[in-house]
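Here's data_16.cif, which has mmCIF, C-alpha atoms:
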```
data_final
#
loop_
_atom_site.label_atom_id
_atom_site.label_comp_id
_atom_site.auth_asym_id
_atom_site.auth_seq_id
_atom_site.Cartn_x
_atom_site.Cartn_y
_atom_site.Cartn_z
CA MET N 20 129.22 120.03 118.31
CA GLU N 21 129.20 123.35 120.29
CA TYR N 22 132.06 122.14 122.47
CA ILE N 23 134.22 121.38 119.45
CA ILE N 24 133.34 124.68 117.81
CA ASN N 25 134.33 126.57 120.99
CA LYS N 26 137.65 124.80 120.98
CA VAL N 27 138.47 126.07 117.52
CA LYS N 28 137.36 129.69 118.12
CA GLY N 29 140.94 130.78 118.52
CA THR N 30 142.08 129.15 115.30
CA GLY N 31 141.86 130.47 111.77
CA VAL N 32 138.82 130.60 109.55
CA CYS N 33 140.17 127.78 107.38
CA TRP N 34 140.32 125.37 110.28
CA LYS N 35 136.78 126.32 111.32
CA VAL N 36 135.49 125.51 107.85
CA ILE N 37 137.31 122.18 107.83
CA VAL N 38 135.96 121.15 111.23
CA LEU N 39 132.38 122.18 110.45
CA THR N 40 132.51 120.37 107.10
CA ALA N 41 133.78 117.21 108.78
CA LEU N 42 131.06 117.35 111.44
CA PHE N 43 128.27 117.82 108.92
CA THR N 44 129.67 115.01 106.78
CA MET N 45 129.70 112.65 109.77
CA HIS N 46 126.11 113.58 110.68
CA ALA N 47 124.93 113.09 107.08
CA SER N 48 126.66 109.71 106.82
CA LEU N 49 125.16 108.56 110.10
CA PHE N 50 121.65 109.65 109.04
CA THR N 51 121.98 107.90 105.67
CA ALA N 52 123.19 104.69 107.32
CA MET N 53 120.29 104.71 109.79
CA ALA N 54 117.78 105.36 107.00
CA GLN N 55 119.06 102.38 105.02
CA ILE N 56 119.00 99.87 107.87
CA ASP N 57 115.57 98.57 106.72
CA ARG N 58 116.21 98.92 103.01
CA LYS N 59 116.42 95.68 101.03
CA VAL N 60 117.38 94.70 97.53
CA GLN N 61 114.40 95.45 95.27
CA ASN N 62 113.06 92.65 93.09
CA LYS N 63 112.02 93.68 89.56
CA PRO N 64 112.71 97.39 90.24
CA TYR N 65 111.43 98.65 86.86
CA ILE N 66 108.22 96.62 86.50
CA ASP N 67 105.98 99.55 87.51
CA LEU N 68 107.54 101.89 84.95
CA ARG N 69 105.98 100.06 82.01
CA THR N 70 103.02 101.77 80.38
CA LEU N 71 101.00 98.55 80.19
CA HIS N 72 100.89 95.63 82.61
CA PHE N 73 99.35 92.24 81.85
CA GLY N 74 98.64 89.26 84.04
CA ILE N 75 96.23 86.56 85.12
CA LEU N 76 94.04 86.22 88.19
CA VAL N 77 92.43 83.51 90.27
CA GLY N 78 90.37 83.85 93.40
CA LEU N 79 87.45 82.97 95.61
CA ASN N 80 84.09 84.70 95.81
CA MET N 81 81.15 84.72 98.21
CA GLN N 82 77.85 85.67 96.58
CA ASP N 83 74.89 87.11 98.46
CA ILE N 84 71.51 88.62 97.62
CA GLU N 85 69.05 90.68 99.66
CA PHE N 86 65.31 90.35 99.04
CA GLU N 87 62.39 92.63 99.71
CA ASN N 88 59.43 90.39 100.54
CA THR N 89 56.05 91.10 99.00
CA GLY N 90 53.99 90.19 102.06
CA PRO N 91 50.52 88.58 101.95
CA GLN N 92 49.43 87.46 98.47
CA THR N 93 45.98 86.63 97.15
CA ILE N 94 46.22 83.41 95.16
CA VAL N 95 43.49 82.37 92.68
CA ASP N 96 43.20 78.60 92.28
CA GLU N 97 42.24 76.82 89.07
CA ASP N 98 38.63 76.46 90.25
CA GLY N 99 38.39 80.22 90.85
CA THR N 100 38.60 80.14 94.63
CA GLN N 101 40.89 82.60 96.39
CA HIS N 102 43.12 82.15 99.39
CA GLU N 103 45.87 84.14 101.03
CA GLU N 104 49.52 83.12 101.17
CA LEU N 105 52.40 84.62 103.16
CA ILE N 106 55.79 83.37 102.00
CA LEU N 107 59.08 84.75 103.27
CA CYS N 108 62.27 84.40 101.23
CA ASP N 109 65.87 84.87 102.36
CA ALA N 110 69.40 83.90 101.32
CA ASP N 111 70.29 82.08 104.51
CA LYS N 112 73.93 81.18 103.92
CA TRP N 113 77.01 82.06 101.89
CA ASN N 114 78.32 79.66 99.30
CA PRO N 115 81.95 79.91 98.20
CA GLY N 116 82.66 80.20 94.49
CA PHE N 117 85.61 80.40 92.11
CA THR N 118 86.89 83.35 90.06
CA VAL N 119 89.29 83.35 87.09
CA GLY N 120 90.28 86.05 84.60
CA VAL N 121 92.97 88.23 83.03
CA LEU N 122 94.44 91.62 83.90
CA GLY N 123 95.30 94.67 81.83
CA GLU N 124 96.63 97.76 83.63
CA LEU N 125 97.47 101.19 82.15
CA ARG N 126 99.93 103.35 84.08
CA LEU N 127 98.61 106.92 84.41
CA SER N 128 101.17 108.35 86.87
CA ASN N 129 103.46 107.24 89.69
CA ASN N 130 100.48 106.52 91.91
CA PHE N 131 97.45 106.10 89.66
CA SER N 132 96.62 103.38 87.16
CA LEU N 133 93.54 102.21 85.24
CA ARG N 134 92.72 98.50 85.29
CA VAL N 135 90.47 96.35 83.11
CA THR N 136 90.05 92.80 84.42
CA PRO N 137 87.68 90.56 82.39
CA GLN N 138 86.74 87.64 84.63
CA MET N 139 84.22 84.89 85.36
CA HIS N 140 82.61 84.26 88.74
CA PHE N 141 81.26 80.76 89.37
CA GLY N 142 79.00 80.50 92.41
CA ALA N 143 75.54 80.09 93.87
CA LYS N 144 73.17 81.52 96.45
CA HIS N 145 71.15 79.30 98.79
CA LEU N 146 67.55 80.52 99.17
CA THR N 147 65.03 79.44 101.79
CA PHE N 148 61.27 80.01 101.49
CA LEU N 149 58.98 79.80 104.54
CA ASN N 150 55.25 79.38 103.87
CA MET N 151 53.73 80.91 107.01
CA HIS N 152 50.19 79.68 106.20
CA GLN N 153 51.23 76.08 105.60
CA LEU N 154 52.63 74.14 108.57
CA ASP N 155 54.47 70.84 108.65
CA GLU N 156 53.97 67.93 111.08
CA GLU N 157 55.93 69.74 113.79
CA GLY N 158 53.86 72.90 113.47
CA GLN N 159 56.65 74.81 111.76
CA PRO N 160 56.24 76.85 108.54
CA PHE N 161 56.65 74.69 105.45
CA ARG N 162 60.15 75.12 104.08
CA GLN N 163 61.33 75.14 100.46
CA THR N 164 64.89 75.69 99.29
CA GLN N 165 66.57 76.65 96.04
CA ASP N 166 70.18 76.87 94.91
CA LEU N 167 70.29 79.97 92.75
CA LYS N 168 73.31 79.18 90.60
CA ASN N 169 75.04 82.12 88.93
CA THR N 170 77.93 82.30 86.50
CA TYR N 171 78.83 85.93 85.90
CA VAL N 172 80.99 87.28 83.10
CA SER N 173 82.12 90.72 84.25
CA ILE N 174 84.45 93.41 82.90
CA PRO N 175 85.43 95.59 85.87
CA ILE N 176 86.97 98.99 85.10
CA ASP N 177 88.84 100.21 88.20
CA LEU N 178 90.96 103.17 89.22
CA LYS N 179 93.87 102.12 91.41
CA PHE N 180 95.77 104.43 93.78
CA ALA N 181 99.02 102.97 95.10
CA ALA N 182 101.32 104.25 97.84
CA PRO N 183 105.05 104.70 97.12
CA ARG N 184 106.91 101.42 96.93
CA TRP N 185 108.83 100.37 100.04
CA ASN N 186 111.30 97.53 99.56
CA ASN N 187 109.28 94.74 97.91
CA HIS N 188 105.70 95.68 98.75
CA ARG N 189 103.30 98.47 97.80
CA PRO N 190 99.78 98.79 99.29
CA TYR N 191 96.92 100.30 97.30
CA ILE N 192 93.19 101.02 97.26
CA MET N 193 90.85 100.74 94.28
CA ALA N 194 87.31 101.53 93.17
CA GLY N 195 85.35 101.07 89.98
CA ILE N 196 82.32 99.76 88.17
CA SER N 197 81.66 96.26 86.85
CA PRO N 198 79.08 95.39 84.15
CA CYS N 199 77.99 91.75 84.54
CA MET N 200 76.19 89.16 82.44
CA ASN N 201 74.64 86.09 84.08
CA LEU N 202 75.04 82.96 81.97
CA THR N 203 72.93 80.60 84.09
CA GLY N 204 69.40 80.44 85.48
CA GLY N 205 66.89 77.60 85.52
CA GLU N 206 63.67 78.12 83.62
CA GLN N 207 61.64 76.52 86.42
CA ASP N 208 63.50 78.00 89.39
CA MET N 209 61.27 79.72 91.92
CA VAL N 210 63.33 82.91 91.73
CA ARG N 211 65.52 84.07 88.86
CA VAL N 212 67.69 87.17 88.43
CA ASN N 213 68.15 89.33 85.33
CA ARG N 214 70.75 88.42 82.77
CA PHE N 215 72.42 91.85 82.82
CA SER N 216 73.37 93.89 85.89
CA THR N 217 75.99 96.35 87.12
CA MET N 218 78.03 96.43 90.32
CA VAL N 219 80.09 99.07 92.09
CA GLU N 220 83.24 97.71 93.70
CA VAL N 221 85.77 98.99 96.24
CA GLY N 222 88.74 97.21 97.70
CA LEU N 223 92.32 97.18 98.87
CA GLY N 224 95.38 95.11 98.19
CA CYS N 225 99.16 95.03 98.15
CA ASP N 226 101.77 94.44 95.44
CA PHE N 227 104.43 91.93 96.48
CA TYR N 228 107.54 91.99 94.28
CA LEU N 229 109.00 88.50 94.09
CA PRO N 230 112.22 87.57 92.26
CA PHE N 231 110.46 86.29 89.10
CA PHE N 232 106.98 87.85 89.16
CA LYS N 233 104.67 90.18 91.06
CA LEU N 234 101.98 88.71 93.34
CA ILE N 235 98.99 90.92 94.21
CA PRO N 236 96.43 89.72 96.77
CA GLU N 237 93.29 91.88 96.81
CA LEU N 238 90.04 91.93 98.77
CA LYS N 239 87.12 93.78 97.21
CA PHE N 240 83.44 94.30 97.97
CA CYS N 241 80.87 94.47 95.15
CA PHE N 242 77.43 96.04 95.48
CA GLY N 243 74.74 95.67 92.83
CA LEU N 244 73.09 98.76 91.38
CA GLY N 245 69.32 98.63 91.09
CA ASP N 246 66.91 95.73 91.15
CA VAL N 247 68.20 92.44 89.69
CA LEU N 248 64.99 90.42 90.13
CA ASP N 249 63.44 88.97 86.96
CA LYS N 250 59.81 89.97 87.54
CA ASN N 251 58.55 88.28 84.34
CA HIS N 252 59.79 84.90 85.50
CA LYS N 253 56.60 84.26 87.50
CA ASN N 254 54.51 84.19 84.33
CA GLU N 255 56.88 81.71 82.68
CA LEU N 256 56.49 79.02 85.36
CA ARG N 257 54.47 75.97 84.33
CA ASP N 258 53.93 74.77 87.91
CA GLU N 259 51.12 76.83 89.44
CA ASN N 260 52.29 75.93 92.95
CA LEU N 261 55.62 77.69 92.35
CA LYS N 262 54.10 80.99 91.27
CA ALA N 263 53.30 81.94 94.86
CA TYR N 264 56.98 81.45 95.73
CA ALA N 265 58.11 83.45 92.71
CA GLY N 266 55.76 86.25 93.71
CA SER N 267 56.94 86.29 97.34
CA VAL N 268 59.72 88.80 96.58
CA SER N 269 59.34 92.19 94.93
CA ARG N 270 62.95 93.34 94.76
CA ALA N 271 66.47 91.89 94.95
CA GLN N 272 69.94 93.41 95.29
CA SER N 273 73.07 91.35 94.68
CA LYS N 274 76.32 91.53 96.64
CA MET N 275 79.65 89.77 96.42
CA ILE N 276 82.98 89.57 98.25
CA VAL N 277 85.97 88.55 96.14
CA LEU N 278 89.47 87.55 97.29
CA THR N 279 91.68 87.73 94.21
CA PHE N 280 95.31 86.83 93.53
CA TYR N 281 96.90 88.58 90.53
CA PHE N 282 100.09 87.32 88.88
CA GLU N 283 102.14 89.68 86.70
#
```

Could you write out this file's structure as structure tokens?
Amino acid sequence: MEYIINKVKGTGVCWKVIVLTALFTMHASLFTAMAQIDRKVQNKPYIDLRTLHFGILVGLNMQDIEFENTGPQTIVDEDGTQHEELILCDADKWNPGFTVGVLGELRLSNNFSLRVTPQMHFGAKHLTFLNMHQLDEEGQPFRQTQDLKNTYVSIPIDLKFAAPRWNNHRPYIMAGISPCMNLTGGEQDMVRVNRFSTMVEVGLGCDFYLPFFKLIPELKFCFGLGDVLDKNHKNELRDENLKAYAGSVSRAQSKMIVLTFYFE
């Protein structure tokens, strides 16, 4: 550019203006062309401008629970004799479950939105109890198991922050709170959780704009607030042998990982 400008120093002011204008125009055109090399045709370009969004969701969940063991217990038999029991309880494996629900999203600004997603989580937790004072034929602690089945109805309320859209995808992060109601629970299970609980959830996902709809995969982590153990359940058991197992835990906290696919 300096070489060309030096060449026109001896010419009139009009020519200088014309040359400089042409050079700047060429530079601007080149920059615009380079910036648009990766740009693509946008599918459903106005879908995010709507005040309300509605959709459906399906997904997979992995439920978990952490126990705080009571430790040694003094058990009183029917004849009045006392003996000590030490039973350890743990959720030893993850069981996959299924999630289904609906989506309602309120647009607050270009980047923020408020979501309400009523949904149902079908799943179970596998519990293992080890009686340390009762050994089997191999000299190992006597083992008992229980499938703690849970069907949660939850109404998560989340705040979503999305990055600016680029072509046909838009990543985001979210956080919120989820009141839950458990619809299942056996009356004679060794351990049972409360019917009502609350979870805090955080996650991330990405909006994919397809020609006919928007697909949104999302991964979120849910952490239960407070103790979810039903402490009165021990007194409701008819089998006296199960009461020691019910009393082996003093506190429980639920957790869940959910992979969700939204369709708008």

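What separates atom CA of N:Gln61 from atom CA of N:Val135 is a distance of 26.9 Å.
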
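Those residues that approach stretch 155-164 of chain N to within 8 Å, counting only C-alpha atoms, are His145, Leu146, Thr147, Phe148 and Leu149 of chain N; same-chain residues fewer than 6 positions away are not listed.
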
>> I need the output of the PyMOL selection byres ((chain N and resi 75-77) around 8) for this file as a VMD selection string; which residues are they?
In response: chain N and resid 73 to 74 78 to 79 117 to 122 279 to 283

> Evaluating the PyMOL selection byres ((chain N and resi 253-270) around 10) on the displayed file yields which residues, as a PyMOL selection string?
Replying inline: chain N and resi 85-97+103-109+148-150+163+206-211+245-252+271-272

> Which polymer residues, protein or nucleic acid, are no farther than 12 Å from (72.0, 74.2, 91.9), counting all atoms listed in the file, as a PyMOL selection string?
Replying inline: chain N and resi 114+141-146+164-170+203-205+207-208

Go ahead and dump the residues you just picked, C-alpha atoms, as an mmCIF file, in the coordinates of the input.
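Contents of out-v8.cif, as written:
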```cif
data_model
loop_
_atom_site.group_PDB
_atom_site.id
_atom_site.type_symbol
_atom_site.label_atom_id
_atom_site.label_comp_id
_atom_site.auth_asym_id
_atom_site.auth_seq_id
_atom_site.Cartn_x
_atom_site.Cartn_y
_atom_site.Cartn_z
ATOM 1 C CA ASN N 114 78.320 79.660 99.300
ATOM 2 C CA PHE N 141 81.260 80.760 89.370
ATOM 3 C CA GLY N 142 79.000 80.500 92.410
ATOM 4 C CA ALA N 143 75.540 80.090 93.870
ATOM 5 C CA LYS N 144 73.170 81.520 96.450
ATOM 6 C CA HIS N 145 71.150 79.300 98.790
ATOM 7 C CA LEU N 146 67.550 80.520 99.170
ATOM 8 C CA THR N 164 64.890 75.690 99.290
ATOM 9 C CA GLN N 165 66.570 76.650 96.040
ATOM 10 C CA ASP N 166 70.180 76.870 94.910
ATOM 11 C CA LEU N 167 70.290 79.970 92.750
ATOM 12 C CA LYS N 168 73.310 79.180 90.600
ATOM 13 C CA ASN N 169 75.040 82.120 88.930
ATOM 14 C CA THR N 170 77.930 82.300 86.500
ATOM 15 C CA THR N 203 72.930 80.600 84.090
ATOM 16 C CA GLY N 204 69.400 80.440 85.480
ATOM 17 C CA GLY N 205 66.890 77.600 85.520
ATOM 18 C CA GLN N 207 61.640 76.520 86.420
ATOM 19 C CA ASP N 208 63.500 78.000 89.390
#
```

>> Which residue is closest to N:Ile176? Choose from N:Gly123, N:His140, N:Arg58, N:Gly116 and count only C-alpha atoms.
In response: N:Gly123

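Look at everything within 7 Å of (98.7, 92.7, 94.3) using all atoms listed in the file, and the residues you get are Gly224, Cys225, Asp226, Phe227, Leu234, Ile235, Pro236, Glu237, Phe280 and Tyr281 of chain N.
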
> Rounded to one decimal in Å, what is the spacing between atom CA of N:Leu223 and atom CA of N:Met193?
Replying inline: 6.0 Å

>> One number please: atom CA of N:Asn80 to atom CA of N:Ala181, in Å, one decimal.
In response: 23.6 Å

Evaluate the PyMOL selection byres ((chain N and resi 64-71) around 9) and record the selected residues as a PDB file with C-alpha atoms, in the frame of the given file, following the chain and residue labels used in the document.
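Generated file (out_30.pdb):
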```pdb
ATOM      1  CA  GLN N  61     114.400  95.450  95.270  1.00  0.00           C
ATOM      2  CA  ASN N  62     113.060  92.650  93.090  1.00  0.00           C
ATOM      3  CA  LYS N  63     112.020  93.680  89.560  1.00  0.00           C
ATOM      4  CA  HIS N  72     100.890  95.630  82.610  1.00  0.00           C
ATOM      5  CA  PHE N  73      99.350  92.240  81.850  1.00  0.00           C
ATOM      6  CA  GLY N 123      95.300  94.670  81.830  1.00  0.00           C
ATOM      7  CA  GLU N 124      96.630  97.760  83.630  1.00  0.00           C
ATOM      8  CA  LEU N 125      97.470 101.190  82.150  1.00  0.00           C
ATOM      9  CA  ARG N 126      99.930 103.350  84.080  1.00  0.00           C
ATOM     10  CA  LEU N 127      98.610 106.920  84.410  1.00  0.00           C
ATOM     11  CA  ASN N 129     103.460 107.240  89.690  1.00  0.00           C
ATOM     12  CA  ASN N 187     109.280  94.740  97.910  1.00  0.00           C
ATOM     13  CA  TYR N 228     107.540  91.990  94.280  1.00  0.00           C
ATOM     14  CA  LYS N 233     104.670  90.180  91.060  1.00  0.00           C
TER      15      LYS N 233
END
```

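Distances from N:Phe180, N:Met81, N:Arg214, N:Met139 to N:Leu238 were compared using all atoms listed in the file, and the smallest one belongs to N:Met81.
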
> Could you pull the residues within 8 Å of N:Val221, counting all atoms listed in the file, minus those fewer than 2 positions along the same chain, as a ChimeraX atom specification?
Replying inline: /N:192-195,219,223,239-241

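The smallest atom-to-atom distance between N:Leu202 and any of N:Gln82, N:Asn186, N:Ser216, N:Gln153, using all atoms listed in the file, is found for N:Ser216.
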
Let me know the centre plus edge lengths, in Å and rounded to one decimal, of a box with edges along x, y and z that contains all listed atoms of stretch 258-267 of chain N and is padded by 8 Å on every side, as AutoDock Vina command-line options.
```
--center_x 54.6 --center_y 80.5 --center_z 92.6 --size_x 23.0 --size_y 27.5 --size_z 25.4
```

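Counting all atoms listed in the file and comparing N:Trp185, N:Leu154, N:Phe232, N:Thr217, the residue that lies closest to N:Val172 is N:Thr217.
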